[in-house]
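What follows is one structure encoded as structure tokens, with my remarks underneath.
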Protein chains: 2
Amino acid sequence: MHSHPQPHATATSADPHANHTHTHSHRSVAEHRQAVRELLEPLAAGRSQRLPLVQALGRGLAETVTAPRSLPPFANSQMDGFAIRSGDVPDGGAELRVVAPVPAGASPAALQPGTAAPIMTGAMVPAGADAVVPVERAVPAAFPAPGEEAAVWLPPAAAGTFIRDAGSDIEAGERALAAGTFLGPGQLGLLAALGLADVLVHRPPAVLLVTTGDEVVEPGEPLEAGKIYDANGTLLETALRQAGLAVVRAGISTDNPAELRSLLRSHTAAVDLIVTTGGVSKGAYEVVRQAMDGQDVAFQHVAMQPGGPQGLGTFDGVPLLGFPGNPVSCLVSFEMFLRPVLSELFGSPHPRTVIRARLAQPLTSPAGKHQIRRGTLLPDGTVRLEGGESSHLVRALAQSNALVHVPVGVSALAEGAEVEVWML
Amino acid sequence: MHSHPQPHATATSADPHANHTHTHSHRSVAEHRQAVRELLEPLAAGRSQRLPLVQALGRGLAETVTAPRSLPPFANSQMDGFAIRSGDVPDGGAELRVVAPVPAGASPAALQPGTAAPIMTGAMVPAGADAVVPVERAVPAAFPAPGEEAAVWLPPAAAGTFIRDAGSDIEAGERALAAGTFLGPGQLGLLAALGLADVLVHRPPAVLLVTTGDEVVEPGEPLEAGKIYDANGTLLETALRQAGLAVVRAGISTDNPAELRSLLRSHTAAVDLIVTTGGVSKGAYEVVRQAMDGQDVAFQHVAMQPGGPQGLGTFDGVPLLGFPGNPVSCLVSFEMFLRPVLSELFGSPHPRTVIRARLAQPLTSPAGKHQIRRGTLLPDGTVRLEGGESSHLVRALAQSNALVHVPVGVSALAEGAEVEVWML
């Protein structure tokens, strides 16, 4: 944020830090995302760790997992019924002698010709048997007491009926999960079914989060005239935590560059990445720009609304992303740049669900920029915009469940136009 | 799971526990969900707690929050520019005397007629001023040094130009967030912007999770013939944790009802809810059914595939949900019954995103049941089914990102048919 107006500090004046920082003209969202990816890529190398399955929830898989065994591990019954040799029962049905039952978990003897074995759901099909007749189709439609001499009349069944073949879900040696897969309940359930107790996952980076601005006050503190509460700290810390990152909060920096540098240096040893908010605009006296004097940090304007001004580079060798100061710009910067790159590099967080939806109302957009509006996906499949395009509308953000994308080159869309929507 | 076949224990025989448990014929998904809701509703009362904002991430709001102040709290500038009285500048423009600048965070003096105040983005608009002219439109297009006597030529600007009015996001006294709102980064960011440091949230229930079956073995242990690894424990524990619940794992129960009862009783004091897997089918000797002898637990068949057999009631007064034994049935039971009821009662987890999509291939479904298939939403907006309808296909589940709903009354759908899809 600006705080000290100075002579000749205008949107078009020469950058006084041009010797030390790189200033570019507008670049595309894709170009900037690629730059973020290149900045963070080294963090993904050699940072994997082996965790018990439950602790791996929400992490990205750091190895490709091959099935050590088939699932199911053995042919088993899909029903409570009688295991038979299908050839023993002709079209008209047959009476077979009932042999010892097969409970789930048992390893049964081979089924002798002319016999039927009571078998429970999930129990191993005896060698020789190739079909199961559900008990309710038998006569009598009940299992005899174990040990009791009994016979049962059964209708015919084709080979394979009500049998789950070994390997019908996955065969030993097949790829179970690809490296980079996000590990949710379904994926971890598969690893458990395969008998694996732990798994190699990526270790996500630890992030130092610093908000800046002489006008910014911690929530809960008294608010003097002209000041505002810090929404960015809470917004971004929770977004980063939700994405699985460890977050170190350095509080709010003043607009004094020396103070910001000293604040950053008191934390850099403990983190892998720095995220700042505010102080990255084109004015010459923005605190993050000033504090990066002599550091390898570039400040550029991405062709995106909101969230155009972006800083990117390293501070004392630690990767740094400088997001703009308005809350909506912060969240959009996170969603457009940091979050997708984390998903790609670390397999976590899970990528946003992307859908196409129709606008519930018209909109306008600066043709030269990729506009990101906030909206709500409605039950009828349309998306309603929440608030206008202005980046200070945090209540409208709080009412939204989606980001609505208006690509470069589009200056207006009619009600009913189809747009890309990212579900938050 | 079945393990001990017994005389006359068939799918159609009378329930030997009919004196103690309630057996119903098929009931609808909506009816069962309502029953789950009634069972859990008492848990939501009087369980709220006040938490700092960041710790409230992922919780449901237990109070309606009214804005204690307006946002923005004061009219502020949307640009770096000059604050003016719009009436001072006629159509042809005017030269105005430049007065002291207004940095962000300052509380400026009123703007005197005929003057222009340099003002920074986010800074408070001085009393009397009603428009901001961006600095790049001024002549000269730069701010004079503070203290320097200067004048600036400015083009006209309508009242309100580049000013964010006080309360334009939210007015003091308006509802900021409704009780029951899921608290993600956007919502917590709004509370921070309003200056709130903590928030009253629901405390989610603690769940005891018990998997059952003589055939079930912990992942990592040796696997004898006829046994399978416990996928349900990992699958459900992570699903419950992802939904924000605290989970107590009691490990795997044998098929001995007395052992299951004793296992449950060793944990019930510490939990609010019990979830079991397996042993709820129609056979008379399923372990969960047997262990519930004398307890107020009903076993019924919900008109749903997979996951039809369901137990529901209380064990020693603690609410209990008995899910069926196959992994896919477990997850579908969780997604169809427990998760939506938690969202309703506790405001957390966030409800699943529901969309309409076209099938990438045809399907068949039992007309009398609500079928839930697993699938992947593809970039072209169609949904591809993963695996068949069988509930043991955990690899197919691991490849899915969505549940595909086929309502009661539908027995077949063609490729391209529109279906309801829940994003996982």
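In the structure tokens, chains take letters A, B, ... by order of appearance, with residues numbered from 1 within each chain and ligands from 1 in the order shown.
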Which residues come within 6 Å of range 109-122 of chain A, counting only C-alpha atoms, excluding same-chain residues fewer than 2 positions away, as a PyMOL selection string?
-> (chain A and resi 76-84+88+96-99+101-104+126-129) or (chain B and resi 2)
So that I have them on file, write out the residues from the current selection with C-alpha atoms, as a PDB file, in the first residue's frame.
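What landed in again_35.pdb:
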ATOM      1  CA  ASN A  76     -14.663 -64.795  -3.365  1.00  0.00           C
ATOM      2  CA  SER A  77     -18.414 -64.994  -3.134  1.00  0.00           C
ATOM      3  CA  GLN A  78     -20.562 -61.972  -3.854  1.00  0.00           C
ATOM      4  CA  MET A  79     -23.549 -63.513  -2.021  1.00  0.00           C
ATOM      5  CA  ASP A  80     -24.545 -65.761   0.846  1.00  0.00           C
ATOM      6  CA  GLY A  81     -25.221 -68.988  -1.065  1.00  0.00           C
ATOM      7  CA  PHE A  82     -23.930 -72.345  -2.241  1.00  0.00           C
ATOM      8  CA  ALA A  83     -20.613 -72.718  -4.072  1.00  0.00           C
ATOM      9  CA  ILE A  84     -20.972 -75.298  -6.859  1.00  0.00           C
ATOM     10  CA  ASP A  88     -22.856 -80.402 -11.833  1.00  0.00           C
ATOM     11  CA  LEU A  96     -26.408 -81.804  -4.386  1.00  0.00           C
ATOM     12  CA  ARG A  97     -24.987 -83.031  -1.101  1.00  0.00           C
ATOM     13  CA  VAL A  98     -24.149 -80.150   1.257  1.00  0.00           C
ATOM     14  CA  VAL A  99     -20.591 -80.160   2.588  1.00  0.00           C
ATOM     15  CA  PRO A 101     -19.603 -74.335   5.109  1.00  0.00           C
ATOM     16  CA  VAL A 102     -17.059 -71.685   4.115  1.00  0.00           C
ATOM     17  CA  PRO A 103     -17.054 -68.631   6.401  1.00  0.00           C
ATOM     18  CA  ALA A 104     -15.351 -65.402   5.375  1.00  0.00           C
ATOM     19  CA  PRO A 126     -13.191 -73.391  -2.895  1.00  0.00           C
ATOM     20  CA  ALA A 127     -10.932 -74.811  -5.596  1.00  0.00           C
ATOM     21  CA  GLY A 128     -13.103 -76.592  -8.160  1.00  0.00           C
ATOM     22  CA  ALA A 129     -16.158 -74.399  -7.547  1.00  0.00           C
TER      23      ALA A 129
ATOM     24  CA  HIS B   2     -20.834 -63.339   7.502  1.00  0.00           C
TER      25      HIS B   2
END
Write out as an NGL selection string which residues come within 12 Å of Lys227 in chain A when counting only C-alpha atoms, dropping same-chain ones fewer than 4 positions away.
-> (:A and (3 or 213-219 or 221-223)) or (:B and (71-76 or 103-108 or 122-124 or 193-195))
Convert the current residue selection to file output with C-alpha atoms, as a PDB file, in the first residue's frame.
ATOM      1  CA  SER A   3       1.686   5.635   2.371  1.00  0.00           C
ATOM      2  CA  GLY A 213       0.953  -1.294   5.548  1.00  0.00           C
ATOM      3  CA  ASP A 214       1.007   1.568   8.050  1.00  0.00           C
ATOM      4  CA  GLU A 215      -2.774   1.640   7.782  1.00  0.00           C
ATOM      5  CA  VAL A 216      -3.279  -2.022   8.687  1.00  0.00           C
ATOM      6  CA  VAL A 217      -4.310  -3.105  12.197  1.00  0.00           C
ATOM      7  CA  GLU A 218      -4.684  -6.583  13.746  1.00  0.00           C
ATOM      8  CA  PRO A 219      -8.330  -7.684  14.198  1.00  0.00           C
ATOM      9  CA  GLU A 221      -7.244  -4.081  18.282  1.00  0.00           C
ATOM     10  CA  PRO A 222      -8.781  -0.579  18.454  1.00  0.00           C
ATOM     11  CA  LEU A 223      -9.237   1.042  15.031  1.00  0.00           C
TER      12      LEU A 223
ATOM     13  CA  LEU B  71     -16.617  -1.855   5.174  1.00  0.00           C
ATOM     14  CA  PRO B  72     -14.833   0.104   3.970  1.00  0.00           C
ATOM     15  CA  PRO B  73     -14.965   1.899   7.341  1.00  0.00           C
ATOM     16  CA  PHE B  74     -14.475   5.236   5.554  1.00  0.00           C
ATOM     17  CA  ALA B  75     -14.587   6.553   1.997  1.00  0.00           C
ATOM     18  CA  ASN B  76     -11.173   5.868   0.482  1.00  0.00           C
ATOM     19  CA  PRO B 103      -1.099   8.747   2.921  1.00  0.00           C
ATOM     20  CA  ALA B 104      -2.957   5.503   3.604  1.00  0.00           C
ATOM     21  CA  GLY B 105      -3.611   5.231   7.314  1.00  0.00           C
ATOM     22  CA  ALA B 106      -3.879   8.991   7.915  1.00  0.00           C
ATOM     23  CA  SER B 107      -6.901  10.956   9.097  1.00  0.00           C
ATOM     24  CA  PRO B 108      -6.765  14.043   6.839  1.00  0.00           C
ATOM     25  CA  GLY B 122      -6.716   3.128   0.245  1.00  0.00           C
ATOM     26  CA  ALA B 123      -6.236   6.485   1.966  1.00  0.00           C
ATOM     27  CA  MET B 124      -9.191   8.238   3.589  1.00  0.00           C
ATOM     28  CA  ALA B 193     -11.826  -7.257   7.905  1.00  0.00           C
ATOM     29  CA  LEU B 194     -14.657  -6.529  10.339  1.00  0.00           C
ATOM     30  CA  GLY B 195     -12.110  -6.515  13.175  1.00  0.00           C
TER      31      GLY B 195
END
In range 74-108 of chain B, DSSP strand (DSSP E) residues written as a tab-separated table (two decimals) with N, CA and C atoms, in the first residue's frame:
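Generated output (out_35.tsv):
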chain	number	residue	atom	x	y	z
B	76	ASN	N	-12.61	5.83	0.76
B	76	ASN	CA	-11.17	5.87	0.48
B	76	ASN	C	-10.92	5.85	-1.01
B	77	SER	N	-9.69	6.20	-1.35
B	77	SER	CA	-9.35	6.36	-2.77
B	77	SER	C	-9.04	5.02	-3.41
B	81	GLY	N	-3.85	9.55	-6.70
B	81	GLY	CA	-4.35	10.68	-7.49
B	81	GLY	C	-4.54	11.92	-6.64
B	82	PHE	N	-5.45	12.77	-7.08
B	82	PHE	CA	-5.75	14.01	-6.37
B	82	PHE	C	-7.21	14.00	-5.93
B	83	ALA	N	-7.41	14.17	-4.62
B	83	ALA	CA	-8.78	14.30	-4.11
B	83	ALA	C	-9.24	15.73	-4.35
B	84	ILE	N	-10.43	15.88	-4.92
B	84	ILE	CA	-10.97	17.22	-5.24
B	84	ILE	C	-12.43	17.32	-4.82
B	94	ALA	N	-9.40	22.61	-14.58
B	94	ALA	CA	-9.05	23.75	-13.75
B	94	ALA	C	-7.70	23.53	-13.10
B	95	GLU	N	-7.06	24.64	-12.75
B	95	GLU	CA	-5.82	24.54	-11.98
B	95	GLU	C	-6.18	24.74	-10.51
B	96	LEU	N	-5.72	23.82	-9.66
B	96	LEU	CA	-6.01	23.89	-8.23
B	96	LEU	C	-4.69	23.93	-7.46
B	97	ARG	N	-4.74	24.55	-6.31
B	97	ARG	CA	-3.57	24.59	-5.43
B	97	ARG	C	-3.44	23.22	-4.73
B	98	VAL	N	-2.23	22.72	-4.68
B	98	VAL	CA	-1.99	21.41	-4.07
B	98	VAL	C	-1.73	21.58	-2.58
Go through A:Asp130, A:Glu259, A:Glu41, A:Glu420 and flag the residue nearest chain B, using only C-alpha atoms for the distances.
-> A:Glu420
Provide the CA of Arg265 in chain B to CA of Gln295 in chain B distance in Å, to one decimal place.
->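 We find that CA of Arg265 in chain B and CA of Gln295 in chain B lie 12.8 Å from each other.
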Step one, run DSSP on the backbone; step two, keep only residues of range 241-356 of chain B assigned to alpha helix (DSSP H); then write them as a ChimeraX atom specification.
-> /B:241-242,257-265,287-291,327-333,339-346
Output of the above residues as an mmCIF file, in the first residue's frame, restricted to N, CA and C atoms:
data_model
loop_
_atom_site.group_PDB
_atom_site.id
_atom_site.type_symbol
_atom_site.label_atom_id
_atom_site.label_comp_id
_atom_site.auth_asym_id
_atom_site.auth_seq_id
_atom_site.Cartn_x
_atom_site.Cartn_y
_atom_site.Cartn_z
ATOM 1 N N ARG B 241 -11.957 -37.547 9.142
ATOM 2 C CA ARG B 241 -11.006 -36.480 9.494
ATOM 3 C C ARG B 241 -11.093 -35.333 8.488
ATOM 4 N N GLN B 242 -11.219 -35.682 7.216
ATOM 5 C CA GLN B 242 -11.343 -34.659 6.180
ATOM 6 C C GLN B 242 -12.603 -33.813 6.422
ATOM 7 N N PRO B 257 -19.825 -61.343 18.925
ATOM 8 C CA PRO B 257 -20.603 -60.183 19.383
ATOM 9 C C PRO B 257 -20.191 -59.686 20.768
ATOM 10 N N ALA B 258 -19.857 -60.598 21.663
ATOM 11 C CA ALA B 258 -19.461 -60.177 23.010
ATOM 12 C C ALA B 258 -18.175 -59.363 22.949
ATOM 13 N N GLU B 259 -17.252 -59.775 22.087
ATOM 14 C CA GLU B 259 -16.003 -59.026 21.947
ATOM 15 C C GLU B 259 -16.263 -57.640 21.361
ATOM 16 N N LEU B 260 -17.162 -57.568 20.395
ATOM 17 C CA LEU B 260 -17.483 -56.260 19.816
ATOM 18 C C LEU B 260 -18.114 -55.346 20.868
ATOM 19 N N ARG B 261 -19.061 -55.885 21.648
ATOM 20 C CA ARG B 261 -19.696 -55.060 22.695
ATOM 21 C C ARG B 261 -18.662 -54.543 23.684
ATOM 22 N N SER B 262 -17.763 -55.426 24.067
ATOM 23 C CA SER B 262 -16.759 -55.034 25.051
ATOM 24 C C SER B 262 -15.808 -53.979 24.462
ATOM 25 N N LEU B 263 -15.463 -54.152 23.193
ATOM 26 C CA LEU B 263 -14.616 -53.161 22.514
ATOM 27 C C LEU B 263 -15.312 -51.796 22.467
ATOM 28 N N LEU B 264 -16.597 -51.791 22.109
ATOM 29 C CA LEU B 264 -17.346 -50.535 22.054
ATOM 30 C C LEU B 264 -17.382 -49.881 23.437
ATOM 31 N N ARG B 265 -17.655 -50.696 24.466
ATOM 32 C CA ARG B 265 -17.825 -50.133 25.820
ATOM 33 C C ARG B 265 -16.529 -49.571 26.372
ATOM 34 N N VAL B 287 -22.218 -59.778 12.926
ATOM 35 C CA VAL B 287 -21.726 -59.441 14.262
ATOM 36 C C VAL B 287 -22.307 -58.138 14.799
ATOM 37 N N VAL B 288 -22.450 -57.121 13.970
ATOM 38 C CA VAL B 288 -22.982 -55.858 14.507
ATOM 39 C C VAL B 288 -24.449 -56.049 14.902
ATOM 40 N N ARG B 289 -25.220 -56.719 14.057
ATOM 41 C CA ARG B 289 -26.621 -57.011 14.421
ATOM 42 C C ARG B 289 -26.680 -57.768 15.732
ATOM 43 N N GLN B 290 -25.844 -58.799 15.847
ATOM 44 C CA GLN B 290 -25.882 -59.634 17.047
ATOM 45 C C GLN B 290 -25.473 -58.838 18.276
ATOM 46 N N ALA B 291 -24.438 -58.013 18.116
ATOM 47 C CA ALA B 291 -23.937 -57.253 19.261
ATOM 48 C C ALA B 291 -24.958 -56.216 19.725
ATOM 49 N N PRO B 327 -15.811 -51.649 0.984
ATOM 50 C CA PRO B 327 -15.254 -50.291 1.041
ATOM 51 C C PRO B 327 -16.083 -49.255 0.283
ATOM 52 N N VAL B 328 -16.523 -49.588 -0.903
ATOM 53 C CA VAL B 328 -17.291 -48.602 -1.666
ATOM 54 C C VAL B 328 -18.621 -48.325 -0.965
ATOM 55 N N SER B 329 -19.233 -49.367 -0.406
ATOM 56 C CA SER B 329 -20.477 -49.178 0.349
ATOM 57 C C SER B 329 -20.244 -48.253 1.543
ATOM 58 N N CYS B 330 -19.107 -48.425 2.199
ATOM 59 C CA CYS B 330 -18.781 -47.570 3.344
ATOM 60 C C CYS B 330 -18.696 -46.110 2.917
ATOM 61 N N LEU B 331 -17.946 -45.848 1.856
ATOM 62 C CA LEU B 331 -17.776 -44.452 1.450
ATOM 63 C C LEU B 331 -19.096 -43.861 0.978
ATOM 64 N N VAL B 332 -19.864 -44.647 0.231
ATOM 65 C CA VAL B 332 -21.156 -44.150 -0.246
ATOM 66 C C VAL B 332 -22.087 -43.885 0.947
ATOM 67 N N SER B 333 -22.067 -44.750 1.941
ATOM 68 C CA SER B 333 -22.884 -44.528 3.139
ATOM 69 C C SER B 333 -22.491 -43.221 3.818
ATOM 70 N N ARG B 339 -22.188 -37.413 5.985
ATOM 71 C CA ARG B 339 -21.578 -36.138 5.594
ATOM 72 C C ARG B 339 -22.619 -35.031 5.394
ATOM 73 N N PRO B 340 -23.687 -35.261 4.631
ATOM 74 C CA PRO B 340 -24.661 -34.161 4.455
ATOM 75 C C PRO B 340 -25.344 -33.766 5.757
ATOM 76 N N VAL B 341 -25.552 -34.723 6.652
ATOM 77 C CA VAL B 341 -26.191 -34.388 7.929
ATOM 78 C C VAL B 341 -25.231 -33.565 8.793
ATOM 79 N N LEU B 342 -23.954 -33.901 8.776
ATOM 80 C CA LEU B 342 -22.969 -33.080 9.498
ATOM 81 C C LEU B 342 -22.969 -31.656 8.951
ATOM 82 N N SER B 343 -22.994 -31.525 7.634
ATOM 83 C CA SER B 343 -23.005 -30.191 7.021
ATOM 84 C C SER B 343 -24.217 -29.392 7.484
ATOM 85 N N GLU B 344 -25.357 -30.061 7.530
ATOM 86 C CA GLU B 344 -26.592 -29.382 7.945
ATOM 87 C C GLU B 344 -26.566 -28.983 9.413
ATOM 88 N N LEU B 345 -26.129 -29.908 10.261
ATOM 89 C CA LEU B 345 -26.234 -29.677 11.705
ATOM 90 C C LEU B 345 -25.079 -28.851 12.258
ATOM 91 N N PHE B 346 -23.886 -29.030 11.676
ATOM 92 C CA PHE B 346 -22.687 -28.406 12.244
ATOM 93 C C PHE B 346 -22.079 -27.350 11.319
#
Looking at only C-alpha atoms, which of B:Gln49, B:Glu63, B:Ala131, B:Ala357 is the one that sits closest to Ala178 in chain B?
->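 Nearest to Ala178 in chain B: B:Glu63.
Counting only C-alpha atoms and comparing B:Ser48, B:Ser28, B:Thr276, B:Gln187, the residue that lies closest to Gln305 in chain B is B:Ser28.
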Just give me the gap between CA of Leu40 in chain A and CA of His370 in chain A in Å, one decimal is fine.
->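 Interatomic distance, CA of Leu40 in chain A to CA of His370 in chain A: 23.4 Å.
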